[in-house]
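Asker: My structure file input-v8.csv, CSV, C-alpha atoms, is below:
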chain,number,residue,atom,x,y,z
A,1,THR,CA,-21.4,40.5,32.3
A,2,ALA,CA,-23.7,37.9,31.0
A,3,ALA,CA,-22.6,34.3,31.0
A,4,SER,CA,-23.8,31.9,28.3
A,5,SER,CA,-23.8,28.2,28.8
A,6,VAL,CA,-23.2,25.6,26.1
A,7,ALA,CA,-24.3,22.0,26.6
A,8,VAL,CA,-21.4,19.7,26.6
A,9,LYS,CA,-21.9,16.1,25.5
A,10,ASP,CA,-20.0,13.3,27.2
A,11,VAL,CA,-18.6,10.9,24.6
A,12,ALA,CA,-16.5,7.7,24.9
A,13,LEU,CA,-14.5,6.8,21.8
A,14,LYS,CA,-12.4,3.7,21.3
A,15,VAL,CA,-9.7,4.2,18.7
A,16,TRP,CA,-7.8,1.3,17.2
A,17,GLY,CA,-4.4,1.9,15.5
A,18,PRO,CA,-0.8,0.6,15.2
A,19,GLN,CA,1.4,0.4,18.2
A,20,GLU,CA,3.9,2.8,16.8
A,21,ASP,CA,1.3,5.6,16.9
A,22,GLN,CA,0.4,5.2,20.5
A,23,ALA,CA,3.6,4.0,22.2
A,24,ASP,CA,3.1,6.7,24.9
A,25,ASP,CA,1.1,9.9,25.6
A,26,ALA,CA,3.5,11.9,23.4
A,27,SER,CA,2.9,9.7,20.4
A,28,TRP,CA,1.1,10.9,17.3
A,29,LEU,CA,-2.3,9.3,17.9
A,30,PRO,CA,-3.0,10.6,21.5
A,31,THR,CA,-1.4,13.9,20.7
A,32,THR,CA,-3.7,14.4,17.6
A,33,CYS,CA,-6.7,13.2,19.5
A,34,LYS,CA,-6.0,15.8,22.3
A,35,GLN,CA,-5.8,18.5,19.6
A,36,PHE,CA,-9.2,17.4,18.2
A,37,GLN,CA,-10.7,17.6,21.7
A,38,THR,CA,-9.3,21.1,22.1
A,39,GLU,CA,-11.0,22.1,18.8
A,40,HIS,CA,-14.3,20.6,19.9
A,41,PRO,CA,-15.3,21.9,23.4
A,42,GLU,CA,-18.9,20.8,22.7
A,43,TRP,CA,-17.8,17.2,23.3
A,44,ASN,CA,-16.1,15.9,26.5
A,45,ILE,CA,-14.3,12.9,25.0
A,46,THR,CA,-12.9,10.0,26.8
A,47,PHE,CA,-10.5,8.2,24.5
A,48,THR,CA,-9.5,4.6,24.8
A,49,TYR,CA,-6.7,3.3,22.6
A,50,GLU,CA,-6.1,-0.2,21.5
A,51,VAL,CA,-3.5,-1.8,19.2
A,52,CYS,CA,-4.6,-3.0,15.8
A,53,PRO,CA,-2.2,-2.8,12.8
A,54,GLU,CA,-3.7,-1.5,9.6
A,55,GLY,CA,-3.1,-4.8,7.9
A,56,ASP,CA,-5.0,-6.7,10.5
A,57,ALA,CA,-8.1,-4.6,10.6
A,58,ALA,CA,-10.3,-7.0,8.7
A,59,LYS,CA,-9.1,-9.9,10.7
A,60,ASN,CA,-9.8,-8.2,14.0
A,61,VAL,CA,-12.9,-6.0,13.2
A,62,ALA,CA,-15.0,-8.2,10.9
A,63,PRO,CA,-15.6,-11.2,13.2
A,64,ASP,CA,-17.4,-9.0,15.8
A,65,PRO,CA,-17.8,-5.3,14.7
A,66,THR,CA,-19.8,-4.5,17.8
A,67,ALA,CA,-16.7,-5.1,19.9
A,68,ALA,CA,-14.2,-3.3,17.6
A,69,GLY,CA,-12.9,0.3,17.7
A,70,ASP,CA,-15.3,3.2,16.9
A,71,VAL,CA,-12.6,4.6,14.7
A,72,TYR,CA,-9.9,2.3,13.3
A,73,PHE,CA,-7.0,2.4,10.8
A,74,PHE,CA,-7.0,-0.1,7.9
A,75,ALA,CA,-5.3,-0.9,4.6
A,76,ASN,CA,-7.7,-0.2,1.8
A,77,ASP,CA,-7.5,-3.7,0.2
A,78,GLN,CA,-9.7,-4.9,3.1
A,79,ILE,CA,-12.7,-2.7,2.1
A,80,GLY,CA,-14.6,-5.6,0.5
A,81,THR,CA,-14.3,-7.8,3.5
A,82,LEU,CA,-15.3,-5.0,5.9
A,83,VAL,CA,-18.3,-4.0,3.9
A,84,ASP,CA,-19.5,-7.6,3.7
A,85,ALA,CA,-19.2,-7.8,7.5
A,86,ASN,CA,-21.1,-4.5,8.1
A,87,ALA,CA,-18.0,-3.3,9.9
A,88,ILE,CA,-17.3,0.0,8.1
A,89,SER,CA,-19.4,3.1,7.4
A,90,GLU,CA,-19.9,4.8,4.1
A,91,LEU,CA,-18.8,8.4,4.5
A,92,GLY,CA,-20.7,11.5,3.4
A,93,GLY,CA,-21.2,15.1,4.1
A,94,ASP,CA,-18.2,17.2,5.1
A,95,ALA,CA,-16.0,14.2,5.5
A,96,LEU,CA,-16.7,13.1,1.9
A,97,THR,CA,-16.1,16.6,0.6
A,98,GLN,CA,-12.7,16.7,2.4
A,99,ILE,CA,-11.7,13.4,0.9
A,100,GLN,CA,-12.6,14.4,-2.6
A,101,ASN,CA,-11.1,17.9,-2.4
A,102,ASP,CA,-7.8,16.9,-0.7
A,103,ASN,CA,-6.8,13.8,-2.6
A,104,SER,CA,-5.9,12.6,-6.1
A,105,GLU,CA,-8.5,10.6,-8.0
A,106,THR,CA,-6.3,7.5,-7.4
A,107,MET,CA,-6.5,8.0,-3.6
A,108,VAL,CA,-10.2,8.6,-3.7
A,109,LYS,CA,-10.7,5.4,-5.7
A,110,SER,CA,-8.5,3.5,-3.3
A,111,VAL,CA,-11.2,4.0,-0.6
A,112,THR,CA,-14.2,3.5,-2.9
A,113,GLY,CA,-16.0,0.2,-2.7
A,114,ALA,CA,-17.5,-1.8,-5.6
A,115,ASP,CA,-20.8,-0.1,-4.8
A,116,GLY,CA,-19.4,3.4,-5.4
A,117,GLY,CA,-19.4,4.4,-1.7
A,118,VAL,CA,-16.4,6.0,0.0
A,119,TYR,CA,-15.4,4.1,3.1
A,120,GLY,CA,-12.3,5.7,4.6
A,121,VAL,CA,-10.2,8.9,5.0
A,122,PRO,CA,-6.8,8.2,3.3
A,123,PHE,CA,-3.7,9.3,5.3
A,124,THR,CA,-0.9,7.7,3.3
A,125,GLY,CA,-0.3,5.9,0.0
A,126,ASN,CA,0.6,2.2,0.1
A,127,THR,CA,2.7,0.7,-2.6
A,128,TRP,CA,6.3,-0.4,-3.5
A,129,PHE,CA,8.9,1.1,-5.7
A,130,MET,CA,12.6,0.9,-6.4
A,131,TYR,CA,15.6,1.8,-4.2
A,132,TYR,CA,19.0,1.8,-5.8
A,133,ASP,CA,22.6,2.7,-5.5
A,134,LYS,CA,23.0,5.9,-7.6
A,135,SER,CA,26.7,5.3,-8.1
A,136,ALA,CA,25.9,2.0,-9.9
A,137,PHE,CA,23.3,3.2,-12.4
A,138,THR,CA,22.7,6.2,-14.6
A,139,ALA,CA,19.4,8.1,-14.8
A,140,ASP,CA,18.6,6.4,-18.1
A,141,GLU,CA,19.6,2.9,-16.8
A,142,ILE,CA,17.1,3.0,-14.0
A,143,LYS,CA,14.3,3.3,-16.5
A,144,SER,CA,14.9,-0.3,-17.7
A,145,LEU,CA,15.1,-3.4,-15.4
A,146,ASP,CA,16.9,-5.2,-18.2
A,147,ALA,CA,19.5,-2.5,-18.4
A,148,MET,CA,20.0,-2.7,-14.7
A,149,LEU,CA,20.3,-6.5,-14.7
A,150,ALA,CA,22.9,-6.2,-17.4
A,151,LYS,CA,25.1,-4.0,-15.2
A,152,GLY,CA,24.7,-5.1,-11.6
A,153,LYS,CA,22.9,-7.3,-9.1
A,154,VAL,CA,19.2,-6.5,-8.5
A,155,ALA,CA,17.1,-8.1,-5.8
A,156,PHE,CA,13.3,-8.6,-6.5
A,157,PRO,CA,10.9,-10.5,-4.2
A,158,LEU,CA,9.7,-12.9,-6.9
A,159,THR,CA,8.2,-15.4,-4.4
A,160,ASN,CA,6.0,-12.7,-2.9
A,161,SER,CA,2.6,-12.5,-4.5
A,162,TRP,CA,2.2,-8.7,-3.8
A,163,TYR,CA,5.1,-8.2,-6.3
A,164,ILE,CA,4.9,-10.8,-9.0
A,165,ALA,CA,1.7,-9.5,-10.4
A,166,SER,CA,3.5,-6.4,-11.7
A,167,PHE,CA,5.1,-8.4,-14.6
A,168,PHE,CA,1.7,-9.9,-15.7
A,169,VAL,CA,-0.1,-6.6,-15.5
A,170,ALA,CA,2.8,-5.0,-17.5
A,171,ASN,CA,1.9,-7.3,-20.4
A,172,GLY,CA,-1.8,-6.7,-20.3
A,173,CYS,CA,-3.1,-9.4,-18.0
A,174,THR,CA,-5.9,-8.3,-15.7
A,175,LEU,CA,-7.4,-8.8,-12.3
A,176,PHE,CA,-11.2,-8.4,-12.0
A,177,GLY,CA,-11.7,-6.4,-15.2
A,178,ALA,CA,-10.4,-3.0,-16.2
A,179,ASP,CA,-11.2,-1.3,-12.9
A,180,GLY,CA,-10.4,-4.2,-10.5
A,181,ASN,CA,-13.9,-4.5,-9.1
A,182,ASP,CA,-15.7,-6.9,-11.5
A,183,ALA,CA,-15.8,-10.2,-9.6
A,184,ALA,CA,-17.3,-11.9,-12.6
A,185,ALA,CA,-14.4,-11.0,-14.8
A,186,GLY,CA,-12.0,-13.0,-12.6
A,187,ILE,CA,-8.3,-13.0,-12.9
A,188,ASP,CA,-6.8,-13.5,-16.4
A,189,PHE,CA,-3.1,-14.3,-16.4
A,190,GLY,CA,-3.2,-16.9,-19.1
A,191,GLY,CA,-3.0,-17.1,-22.9
A,192,ASP,CA,-0.1,-15.8,-25.0
A,193,LYS,CA,0.3,-12.7,-22.8
A,194,GLY,CA,0.7,-14.7,-19.6
A,195,ALA,CA,3.0,-17.3,-21.2
A,196,ALA,CA,5.3,-14.5,-22.5
A,197,VAL,CA,5.6,-13.1,-19.0
A,198,THR,CA,6.4,-16.5,-17.5
A,199,LYS,CA,9.2,-17.0,-20.1
A,200,TYR,CA,10.6,-13.5,-19.2
A,201,LEU,CA,10.6,-14.5,-15.5
A,202,VAL,CA,12.3,-17.8,-16.2
A,203,ASN,CA,15.1,-16.0,-18.1
A,204,MET,CA,15.3,-13.3,-15.3
A,205,VAL,CA,15.9,-16.1,-12.7
A,206,ALA,CA,18.6,-17.5,-14.9
A,207,ASN,CA,20.4,-14.2,-15.0
A,208,ALA,CA,23.4,-14.2,-12.7
A,209,ASN,CA,22.6,-10.7,-11.6
A,210,PHE,CA,19.1,-11.6,-10.3
A,211,VAL,CA,18.7,-12.2,-6.6
A,212,ASN,CA,15.4,-13.4,-5.1
A,213,ASP,CA,14.7,-10.9,-2.2
A,214,ALA,CA,13.6,-13.1,0.7
A,215,ASP,CA,14.4,-13.0,4.4
A,216,GLY,CA,16.2,-9.6,4.2
A,217,ALA,CA,18.6,-10.6,1.4
A,218,GLY,CA,18.1,-7.4,-0.5
A,219,ILE,CA,18.9,-4.9,2.3
A,220,ALA,CA,21.8,-7.1,3.5
A,221,GLY,CA,23.2,-7.0,-0.1
A,222,LEU,CA,22.8,-3.2,-0.2
A,223,ARG,CA,24.7,-3.0,3.0
A,224,ASP,CA,27.7,-5.2,1.9
A,225,GLY,CA,27.7,-3.7,-1.6
A,226,SER,CA,26.8,-6.9,-3.4
A,227,ILE,CA,23.3,-5.8,-4.5
A,228,LYS,CA,22.7,-2.4,-6.2
A,229,ALA,CA,18.9,-2.2,-6.3
A,230,ILE,CA,15.9,-3.6,-4.4
A,231,PHE,CA,12.1,-3.2,-4.6
A,232,SER,CA,10.3,-2.3,-1.4
A,233,GLY,CA,8.3,0.5,0.2
A,234,THR,CA,8.6,3.3,2.7
A,235,TRP,CA,8.8,0.9,5.6
A,236,ASP,CA,12.3,0.1,4.5
A,237,ALA,CA,13.4,3.7,3.8
A,238,ALA,CA,15.5,4.2,7.0
A,239,SER,CA,17.3,0.8,6.6
A,240,VAL,CA,18.1,1.5,2.9
A,241,LYS,CA,19.3,5.0,3.6
A,242,GLU,CA,21.6,3.7,6.3
A,243,ALA,CA,22.9,1.0,4.0
A,244,LEU,CA,23.6,3.2,1.0
A,245,GLY,CA,24.6,6.5,2.7
A,246,ASP,CA,25.4,9.2,0.1
A,247,ASN,CA,24.4,6.8,-2.7
A,248,TYR,CA,20.8,6.5,-1.4
A,249,ALA,CA,18.2,6.9,-4.2
A,250,ALA,CA,14.7,5.8,-5.0
A,251,ALA,CA,12.5,5.9,-8.1
A,252,GLN,CA,9.3,4.7,-9.7
A,253,LEU,CA,9.2,1.3,-11.4
A,254,PRO,CA,11.3,0.6,-14.5
A,255,THR,CA,10.1,-1.1,-17.7
A,256,ILE,CA,10.9,-4.6,-18.9
A,257,THR,CA,11.2,-5.9,-22.5
A,258,ILE,CA,8.9,-8.7,-23.6
A,259,ASP,CA,9.0,-9.9,-27.2
A,260,GLY,CA,11.0,-6.9,-28.2
A,261,ALA,CA,8.6,-4.3,-26.8
A,262,GLU,CA,9.0,-2.2,-23.7
A,263,LYS,CA,6.4,-2.9,-21.0
A,264,GLN,CA,5.9,-0.8,-17.9
A,265,LEU,CA,6.0,-2.7,-14.6
A,266,ARG,CA,3.1,-1.7,-12.4
A,267,SER,CA,2.9,-2.4,-8.7
A,268,PHE,CA,-0.3,-2.8,-6.7
A,269,SER,CA,-1.1,0.6,-5.0
A,270,GLY,CA,-3.6,1.7,-2.5
A,271,SER,CA,-3.8,3.6,0.7
A,272,LYS,CA,-4.0,3.3,4.4
A,273,ALA,CA,-7.0,5.1,5.8
A,274,ILE,CA,-9.2,5.8,8.8
A,275,ALA,CA,-12.6,4.1,9.1
A,276,VAL,CA,-15.7,4.6,11.2
A,277,ASN,CA,-17.5,1.6,12.7
A,278,PRO,CA,-21.2,1.7,11.9
A,279,ASN,CA,-21.9,0.2,15.3
A,280,CYS,CA,-20.4,3.1,17.2
A,281,ALA,CA,-22.6,5.0,19.7
A,282,ASN,CA,-21.5,8.5,18.6
A,283,PRO,CA,-21.2,8.4,14.8
A,284,GLU,CA,-21.1,12.2,14.4
A,285,VAL,CA,-18.1,12.5,16.7
A,286,ALA,CA,-16.4,9.4,15.2
A,287,VAL,CA,-16.7,10.7,11.6
A,288,ALA,CA,-15.4,14.1,12.7
A,289,LEU,CA,-12.4,12.4,14.4
A,290,ALA,CA,-11.7,10.2,11.3
A,291,ALA,CA,-11.7,13.3,9.1
A,292,TYR,CA,-9.4,15.2,11.5
A,293,LEU,CA,-6.9,12.3,11.7
A,294,GLY,CA,-6.7,12.3,7.9
A,295,SER,CA,-6.5,16.0,7.5
A,296,ALA,CA,-3.5,17.9,6.0
A,297,ASP,CA,-2.3,19.1,9.4
A,298,ALA,CA,-2.5,15.7,10.9
A,299,GLN,CA,-0.7,14.1,8.0
A,300,LYS,CA,2.0,16.7,8.2
A,301,SER,CA,2.6,16.0,11.9
A,302,HIS,CA,2.4,12.2,11.2
A,303,TYR,CA,5.3,12.7,8.8
A,304,GLU,CA,7.2,14.8,11.3
A,305,MET,CA,6.7,12.3,14.1
A,306,ARG,CA,6.8,9.0,12.4
A,307,ASN,CA,7.9,9.6,8.8
A,308,ILE,CA,4.5,8.5,7.4
A,309,ILE,CA,4.4,9.8,3.8
A,310,PRO,CA,1.3,12.1,3.4
A,311,CYS,CA,-1.0,11.7,0.4
A,312,VAL,CA,-3.1,15.0,0.5
A,313,ASN,CA,-2.4,17.1,-2.6
A,314,SER,CA,-1.4,20.2,-0.6
A,315,LEU,CA,1.6,18.4,1.0
A,316,LEU,CA,3.1,16.7,-2.1
A,317,THR,CA,5.0,19.9,-2.9
A,318,ASP,CA,6.0,20.7,0.7
A,319,ALA,CA,9.8,21.5,0.7
A,320,THR,CA,10.7,18.8,3.2
A,321,ILE,CA,8.5,16.1,1.8
A,322,SER,CA,9.5,16.8,-1.9
A,323,ALA,CA,13.2,16.5,-0.8
A,324,ASP,CA,12.6,12.9,0.6
A,325,PRO,CA,13.5,10.4,-2.1
A,326,ALA,CA,11.1,7.7,-0.7
A,327,ALA,CA,8.2,10.2,-0.6
A,328,VAL,CA,8.8,11.3,-4.2
A,329,ALA,CA,9.2,7.7,-5.4
A,330,GLN,CA,6.1,6.5,-3.7
A,331,ASN,CA,4.0,9.4,-5.0
A,332,ASN,CA,5.4,9.0,-8.5
A,333,THR,CA,4.8,5.3,-8.5
A,334,ILE,CA,1.2,5.7,-7.4
A,335,ALA,CA,0.6,8.3,-10.1
A,336,ASN,CA,2.6,6.7,-13.0
A,337,THR,CA,3.6,3.1,-12.5
A,338,SER,CA,0.9,1.3,-10.5
A,339,ILE,CA,-2.7,-0.1,-10.7
A,340,LEU,CA,-5.1,0.1,-7.8
A,341,GLN,CA,-5.1,-3.2,-5.9
A,342,PRO,CA,-8.6,-4.7,-6.1
A,343,THR,CA,-10.5,-4.3,-2.9
A,344,ILE,CA,-13.3,-6.8,-3.5
A,345,SER,CA,-13.3,-9.9,-1.2
A,346,GLU,CA,-12.6,-12.2,-4.2
A,347,MET,CA,-9.1,-10.8,-4.3
A,348,GLY,CA,-8.3,-13.1,-1.4
A,349,ASN,CA,-8.2,-16.0,-3.9
A,350,TYR,CA,-5.2,-14.5,-5.7
A,351,TRP,CA,-2.5,-14.6,-3.0
A,352,THR,CA,-1.6,-18.2,-2.5
A,353,PRO,CA,-1.6,-19.4,-6.2
A,354,ALA,CA,0.5,-16.4,-7.1
A,355,GLU,CA,3.0,-17.1,-4.3
A,356,ASN,CA,3.2,-20.7,-5.3
A,357,PHE,CA,3.8,-19.9,-9.0
A,358,GLY,CA,6.6,-17.5,-8.1
A,359,LYS,CA,8.3,-20.2,-6.0
A,360,SER,CA,7.9,-22.7,-8.9
A,361,ILE,CA,9.6,-20.3,-11.3
A,362,TYR,CA,12.4,-19.5,-8.8
A,363,ASN,CA,12.9,-23.2,-8.1
A,364,LYS,CA,13.2,-23.8,-11.9
A,365,GLU,CA,10.2,-26.2,-12.0
A,366,VAL,CA,8.9,-23.8,-14.7
A,367,THR,CA,11.1,-23.6,-17.8
A,368,GLU,CA,10.9,-21.9,-21.2
A,369,ALA,CA,9.8,-25.3,-22.6
A,370,ASN,CA,6.8,-25.8,-20.3
A,371,ALA,CA,6.0,-22.1,-19.6
A,372,ALA,CA,2.8,-22.0,-21.6
A,373,GLU,CA,1.5,-25.2,-20.0
A,374,LYS,CA,2.5,-24.1,-16.4
A,375,THR,CA,1.0,-20.6,-17.0
A,376,GLU,CA,-2.4,-22.1,-18.0
A,377,ALA,CA,-2.4,-24.3,-14.9
A,378,PHE,CA,-1.6,-21.3,-12.8
A,379,ASN,CA,-4.4,-19.3,-14.4
A,380,ALA,CA,-6.8,-22.3,-14.0
A,381,SER,CA,-6.1,-22.3,-10.3
A,382,PHE,CA,-7.6,-18.8,-10.0
A,383,LYS,CA,-10.7,-19.9,-11.9
A,384,ALA,CA,-11.1,-22.9,-9.6
A,385,THR,CA,-11.0,-20.9,-6.4
A,386,LEU,CA,-13.3,-18.2,-7.8
Let me see the structure of the file written as structure tokens.
Answerer:
Amino acid sequence: TAASSVAVKDVALKVWGPQEDQADDASWLPTTCKQFQTEHPEWNITFTYEVCPEGDAAKNVAPDPTAAGDVYFFANDQIGTLVDANAISELGGDALTQIQNDNSETMVKSVTGADGGVYGVPFTGNTWFMYYDKSAFTADEIKSLDAMLAKGKVAFPLTNSWYIASFFVANGCTLFGADGNDAAAGIDFGGDKGAAVTKYLVNMVANANFVNDADGAGIAGLRDGSIKAIFSGTWDAASVKEALGDNYAAAQLPTITIDGAEKQLRSFSGSKAIAVNPNCANPEVAVALAAYLGSADAQKSHYEMRNIIPCVNSLLTDATISADPAAVAQNNTIANTSILQPTISEMGNYWTPAENFGKSIYNKEVTEANAAEKTEAFNASFKATL
């Protein structure tokens, strides 16, 4: 018999991801990387794993990209910062084809920078939606926040800037233009549209059935039965299911009524994705690994091992996933009741003013009488920082 030899390349790869994915050798990340190695005998890969939560990628990678992971996980709203720091690679070739073929237009846009380049392989959606006690509300009532507030206690994190924007966007206010990537357009939460939203929020806070969801108040209320609905994401699914038991349910966002017209609440949406560091020594291998970690098979095992909701189109109708209320609510919200969270670095100027305005409304410093004035001051704070 004739023996053929294939040159094997020694490769070292440093992978940064959340602790939960690499708690031990049987965890999802090392298990999936071992499977990748098996499928690529042409590379002899030494993997090194380090902890970096997706939300901290920009903070940990951007200061010194040369010392960061070759492949790392990140939340898509950090793309602008990572691009500016030359800390993330634009993807092309087979990886880009996979991203475009496997995902919805929304998911592709979530990892697309202001320059049109695609910078990550999405592996899950990232947004918030509504959990509710299905014994408290009918299928029609959950379509309207006002109807729900008329019937039972609802917790909403008004003082959290990731959530409060949904009311302003519902009434036509904008962040960085129609597509969210026009820095020159700035943030426009002012004028009559913004003032009308502020008045709505003032009245919502005055409603006896409104609860500001802070410091775990929402889930605690679900648990003791005093609260019938909260707004959160998949990270709270297990706790909410435990609290509500057989009455556990989830749905996309409801509407609100402003000046007699129904307006659709829209949450910020995006994705969590896998990036490749442009400073890595073995870019071909790093890109292939990133694509593999975001593939349909890897997303399916990620769901099975850690309940991370997949985003690839082929898994949205999977029998197990489509029977998961949180998975259905997340995917419906991204498709129907959300806007893409801007990824440009200027978005960093939004968070603190929005949080402070939410606190001012909740603390009743903002009233119906001064709503227009306070809203203009709020809007001016964006213009000043931008």
Asker: Measuring atom to atom with only C-alpha atoms, identify which of A:Ala380, A:Val108, A:Ala114, A:Met130 is nearest to A:Ala183.
Answerer: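 Of A:Ala380, A:Val108, A:Ala114, A:Met130, the one nearest A:Ala183 is A:Ala114, counting only C-alpha atoms.
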Asker: Between atom CA of A:Gly92 and atom CA of A:Pro53, what is the distance in Å, rounded to a tenth?
Answerer: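 If I compute the distance from atom CA of A:Gly92 to atom CA of A:Pro53, I get 25.2 Å.
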Asker: Closest to A:Leu145 among A:Lys199, A:Lys59, A:Lys14, A:Lys263, using all atoms listed in the file?
Answerer: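 Using all atoms listed in the file, the shortest distance to A:Leu145 belongs to A:Lys263.
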Asker: Near A:Ala139, counting all atoms listed in the file, which residues have an atom at most 12 Å away, once you skip same-chain residues fewer than 6 positions from it, shown as a PyMOL selection string?
Answerer: chain A and resi 132-133+147-148+249-252+254
Asker: Which one of A:Trp16, A:Phe123, A:Trp43, A:Tyr131 sits closest to A:Lys241 if you count all atoms listed in the file?
Answerer: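 Ranking A:Trp16, A:Phe123, A:Trp43, A:Tyr131 by distance to A:Lys241, first place goes to A:Tyr131.
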Asker: Which residue out of A:Val8, A:Val154, A:Tyr350, A:Thr367 has the minimum interatomic distance to A:Gly186 when all atoms listed in the file are used?
Answerer: A:Tyr350
Asker: Do you have the atom CA of A:Gln299-atom CA of A:Ala286 distance handy?
Answerer: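 Atom CA of A:Ala286 lies at a distance of 17.9 Å from atom CA of A:Gln299.
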Asker: Between atom CA of A:Gln22 and atom CA of A:Glu50, measure the distance and give it in Å to one decimal.
Answerer: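 Distance reported for this atom pair: 8.5 Å.
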Asker: Extract, using only C-alpha atoms, all DNA, RNA and protein residues at most 12 Å from A:Ala384, discarding same-chain residues fewer than 5 positions from it, and format them as a list in words.
Answerer: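 Once the adjacent positions are removed, what remains is Gly186, Ile187, Asn349, Tyr350, Pro353, Ala377, Phe378 and Asn379 of chain A.
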Asker: Given all atoms listed in the file, how would the per-residue table for stretch 311-353 of chain A near stretch 216-232 of chain A read, listing every residue at most 12 Å away with its closest atom pair and distance in Å to one decimal, sorted by chain and number, as a tab-separated table?
Answerer:
residue	atom	partner	partner_atom	distance
A:Ala326	CA	A:Ser232	CA	10.1
A:Ala329	CA	A:Ser232	CA	10.8
A:Gln330	CA	A:Ser232	CA	10.0
A:Thr333	CA	A:Ser232	CA	11.8
Asker: So, with only C-alpha atoms as the atoms that count, which of A:Gly93, A:Gly294, A:Gly358, A:Gly80 lies closest to A:Pro122?
Answerer: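 Of all the options, A:Gly294 lies closest to A:Pro122.
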Asker: A:Val285, A:Leu315, A:Phe168, A:Tyr292: which is nearest A:Ile258, counting all atoms listed in the file?
Answerer: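 Of the candidates, the smallest distance to A:Ile258 is held by A:Phe168.
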Asker: Near A:Ala273, within 7 Å and counting all atoms listed in the file, which residues show up once chain neighbours fewer than 6 positions away are dropped, as a PyMOL selection string?
Answerer: chain A and resi 73-76+120-123
Asker: Tell me which protein, DNA and RNA residues are within 12 Å of A:Leu29, counting only C-alpha atoms, leaving out same-chain ones fewer than 2 positions away, and put them as number ranges by chain.
Answerer: A: 15-27, 31-36, 47-51, 71-73, 274, 289-290, 292-294, 298-299, 301-302, 305-306
Asker: Can you complete the atoms of stretch 135-146 of chain A to N, CA, C and O atoms and list them as a PDB file, keeping the file's coordinate frame?
Answerer:
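And here is the file that came out, result08.pdb:
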ATOM      1  N   SER A 135      25.345   5.349  -7.482  1.00  0.00           N
ATOM      2  CA  SER A 135      26.700   5.300  -8.100  1.00  0.00           C
ATOM      3  C   SER A 135      26.804   4.127  -9.048  1.00  0.00           C
ATOM      4  O   SER A 135      27.774   4.043  -9.809  1.00  0.00           O
ATOM      5  N   ALA A 136      25.809   3.224  -9.044  1.00  0.00           N
ATOM      6  CA  ALA A 136      25.900   2.000  -9.900  1.00  0.00           C
ATOM      7  C   ALA A 136      25.134   2.166 -11.203  1.00  0.00           C
ATOM      8  O   ALA A 136      25.449   1.468 -12.171  1.00  0.00           O
ATOM      9  N   PHE A 137      24.129   3.040 -11.244  1.00  0.00           N
ATOM     10  CA  PHE A 137      23.300   3.200 -12.400  1.00  0.00           C
ATOM     11  C   PHE A 137      23.109   4.634 -12.818  1.00  0.00           C
ATOM     12  O   PHE A 137      23.025   5.497 -11.943  1.00  0.00           O
ATOM     13  N   THR A 138      22.995   4.872 -14.125  1.00  0.00           N
ATOM     14  CA  THR A 138      22.700   6.200 -14.600  1.00  0.00           C
ATOM     15  C   THR A 138      21.220   6.490 -14.544  1.00  0.00           C
ATOM     16  O   THR A 138      20.411   5.567 -14.343  1.00  0.00           O
ATOM     17  N   ALA A 139      20.842   7.747 -14.778  1.00  0.00           N
ATOM     18  CA  ALA A 139      19.400   8.100 -14.800  1.00  0.00           C
ATOM     19  C   ALA A 139      18.659   7.401 -15.861  1.00  0.00           C
ATOM     20  O   ALA A 139      17.461   7.105 -15.698  1.00  0.00           O
ATOM     21  N   ASP A 140      19.315   7.096 -16.996  1.00  0.00           N
ATOM     22  CA  ASP A 140      18.600   6.400 -18.100  1.00  0.00           C
ATOM     23  C   ASP A 140      18.551   4.867 -17.750  1.00  0.00           C
ATOM     24  O   ASP A 140      17.545   4.224 -18.057  1.00  0.00           O
ATOM     25  N   GLU A 141      19.569   4.325 -17.132  1.00  0.00           N
ATOM     26  CA  GLU A 141      19.600   2.900 -16.800  1.00  0.00           C
ATOM     27  C   GLU A 141      18.501   2.472 -15.863  1.00  0.00           C
ATOM     28  O   GLU A 141      17.949   1.364 -15.973  1.00  0.00           O
ATOM     29  N   ILE A 142      18.141   3.340 -14.932  1.00  0.00           N
ATOM     30  CA  ILE A 142      17.100   3.000 -14.000  1.00  0.00           C
ATOM     31  C   ILE A 142      15.714   2.922 -14.558  1.00  0.00           C
ATOM     32  O   ILE A 142      14.767   2.489 -13.913  1.00  0.00           O
ATOM     33  N   LYS A 143      15.584   3.339 -15.808  1.00  0.00           N
ATOM     34  CA  LYS A 143      14.300   3.300 -16.500  1.00  0.00           C
ATOM     35  C   LYS A 143      13.995   1.882 -17.018  1.00  0.00           C
ATOM     36  O   LYS A 143      12.862   1.587 -17.405  1.00  0.00           O
ATOM     37  N   SER A 144      15.019   1.020 -17.086  1.00  0.00           N
ATOM     38  CA  SER A 144      14.900  -0.300 -17.700  1.00  0.00           C
ATOM     39  C   SER A 144      15.435  -1.361 -16.709  1.00  0.00           C
ATOM     40  O   SER A 144      16.629  -1.333 -16.382  1.00  0.00           O
ATOM     41  N   LEU A 145      14.608  -2.310 -16.287  1.00  0.00           N
ATOM     42  CA  LEU A 145      15.100  -3.400 -15.400  1.00  0.00           C
ATOM     43  C   LEU A 145      16.130  -4.228 -16.165  1.00  0.00           C
ATOM     44  O   LEU A 145      17.109  -4.686 -15.570  1.00  0.00           O
ATOM     45  N   ASP A 146      15.931  -4.419 -17.473  1.00  0.00           N
ATOM     46  CA  ASP A 146      16.900  -5.200 -18.200  1.00  0.00           C
ATOM     47  C   ASP A 146      18.262  -4.552 -18.291  1.00  0.00           C
ATOM     48  O   ASP A 146      19.290  -5.223 -18.184  1.00  0.00           O
TER      49      ASP A 146
END
